[in-house]
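Read the structure below first, then the notes.
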Amino acid sequence: MARLDRSWLGRIALYEWLRPFAVGLVHGLAGSVAVALMVLSIIREPIAALGYLLLFGLGTIAGMMLITLILSAPFVFTAVNLPKFNWRLRVASGLVSFVFGLVLVYGIGFAEGGLFTGAPTWEPH
């Protein structure tokens, strides 16, 4: 990716718009591809399956955009109007994210039957 950014493509405005869109699309679909494939397995008509994938993709994009808008709005608003509070908000957000990551690492890796224990077990929830 860094090589593409430094090439002539990196200077094209459309590339600057499409790159984050493509990254977001891949990440958005990666988390929910199991649901899409499960539903696709019961759709017999190829046109209906393609329509479902298109609708699913558009819904995923719209959902990700909405969540991003909701989560970023306080940061954008405070960056201009309340710069000191914006700094505190960014620090708090980073700390909450870090602690959440630690909780996930502990829960997945070290809690009862975690991946890093002597007898790892996994059950889907």
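Identifiers in this document derive from the order of the structure tokens: chains are assigned A, B, ..., residues are numbered from 1 separately in each chain, and ligands are numbered from 1 in order of occurrence.
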Show me, as a ChimeraX atom specification, the residues that have an atom within 12 Å of stretch 54-61 of chain A when counting only C-alpha atoms, minus same-chain residues fewer than 3 positions from it. /A:20-33,35-37,39-40,47-51,64-68
Please save C-alpha atoms of the selected residues as a PDB file, in the first residue's frame.
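Generated output (part-v9.pdb):
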```
ATOM      1  CA  PRO A  20     -10.322   4.403   2.407  1.00  0.00           C
ATOM      2  CA  PHE A  21     -13.600   3.272   0.832  1.00  0.00           C
ATOM      3  CA  ALA A  22     -12.011  -0.012  -0.302  1.00  0.00           C
ATOM      4  CA  VAL A  23     -10.335  -0.588   3.071  1.00  0.00           C
ATOM      5  CA  GLY A  24     -13.611   0.098   4.888  1.00  0.00           C
ATOM      6  CA  LEU A  25     -15.533  -2.156   2.517  1.00  0.00           C
ATOM      7  CA  VAL A  26     -13.149  -5.063   3.063  1.00  0.00           C
ATOM      8  CA  HIS A  27     -13.142  -4.619   6.840  1.00  0.00           C
ATOM      9  CA  GLY A  28     -16.906  -4.216   6.970  1.00  0.00           C
ATOM     10  CA  LEU A  29     -17.537  -7.349   4.964  1.00  0.00           C
ATOM     11  CA  ALA A  30     -14.868  -9.374   6.755  1.00  0.00           C
ATOM     12  CA  GLY A  31     -16.741  -9.202  10.035  1.00  0.00           C
ATOM     13  CA  SER A  32     -20.057 -10.317   8.637  1.00  0.00           C
ATOM     14  CA  VAL A  33     -19.155 -12.574   5.722  1.00  0.00           C
ATOM     15  CA  VAL A  35     -23.828 -14.280   7.828  1.00  0.00           C
ATOM     16  CA  ALA A  36     -23.763 -13.446   4.122  1.00  0.00           C
ATOM     17  CA  LEU A  37     -22.517 -16.915   3.189  1.00  0.00           C
ATOM     18  CA  VAL A  39     -27.915 -16.804   3.744  1.00  0.00           C
ATOM     19  CA  LEU A  40     -26.387 -17.313   0.288  1.00  0.00           C
ATOM     20  CA  ILE A  47     -29.848 -13.352  -9.789  1.00  0.00           C
ATOM     21  CA  ALA A  48     -31.468 -13.332  -6.342  1.00  0.00           C
ATOM     22  CA  ALA A  49     -28.117 -14.264  -4.748  1.00  0.00           C
ATOM     23  CA  LEU A  50     -26.401 -11.429  -6.592  1.00  0.00           C
ATOM     24  CA  GLY A  51     -29.151  -9.038  -5.525  1.00  0.00           C
ATOM     25  CA  MET A  64     -20.376   1.527   8.742  1.00  0.00           C
ATOM     26  CA  MET A  65     -20.760   5.089   7.503  1.00  0.00           C
ATOM     27  CA  LEU A  66     -23.475   5.806  10.046  1.00  0.00           C
ATOM     28  CA  ILE A  67     -21.509   4.374  12.958  1.00  0.00           C
ATOM     29  CA  THR A  68     -18.384   6.266  11.880  1.00  0.00           C
TER      30      THR A  68
END
```
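When atom CA of A:Pro74 is paired with atom CA of A:Ala92, their separation reads 12.7 Å.
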Pick out the residues sitting within 12 Å of A:Val105, and hand them over as a PyMOL selection string; count only C-alpha atoms, and ignore anything fewer than 5 positions along from it in its own chain. chain A and resi 98-100+110-111+114-116
Could those selected residues go to a file with C-alpha atoms, as a PDB file, in the first residue's frame?
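Done, and the output landed in again-v5.pdb:
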```pdb
ATOM      1  CA  PHE A  98      -6.656   0.125  25.333  1.00  0.00           C
ATOM      2  CA  VAL A  99      -8.450  -1.245  28.415  1.00  0.00           C
ATOM      3  CA  PHE A 100     -11.076  -2.911  26.205  1.00  0.00           C
ATOM      4  CA  PHE A 110      -5.957 -16.377  29.722  1.00  0.00           C
ATOM      5  CA  ALA A 111      -9.432 -16.911  31.228  1.00  0.00           C
ATOM      6  CA  GLY A 114      -8.087 -19.579  26.996  1.00  0.00           C
ATOM      7  CA  LEU A 115      -5.796 -19.913  24.008  1.00  0.00           C
ATOM      8  CA  PHE A 116      -2.648 -19.423  26.101  1.00  0.00           C
TER       9      PHE A 116
END
```
Run DSSP on the backbone of this structure and report the residues of stretch 22-53 of chain A it assigns to alpha helix (DSSP H), as a PyMOL selection string. chain A and resi 22-40+46-53
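Taking atom CA of A:Gly107 and atom CA of A:Trp122 as endpoints, the distance between them is 11.4 Å.
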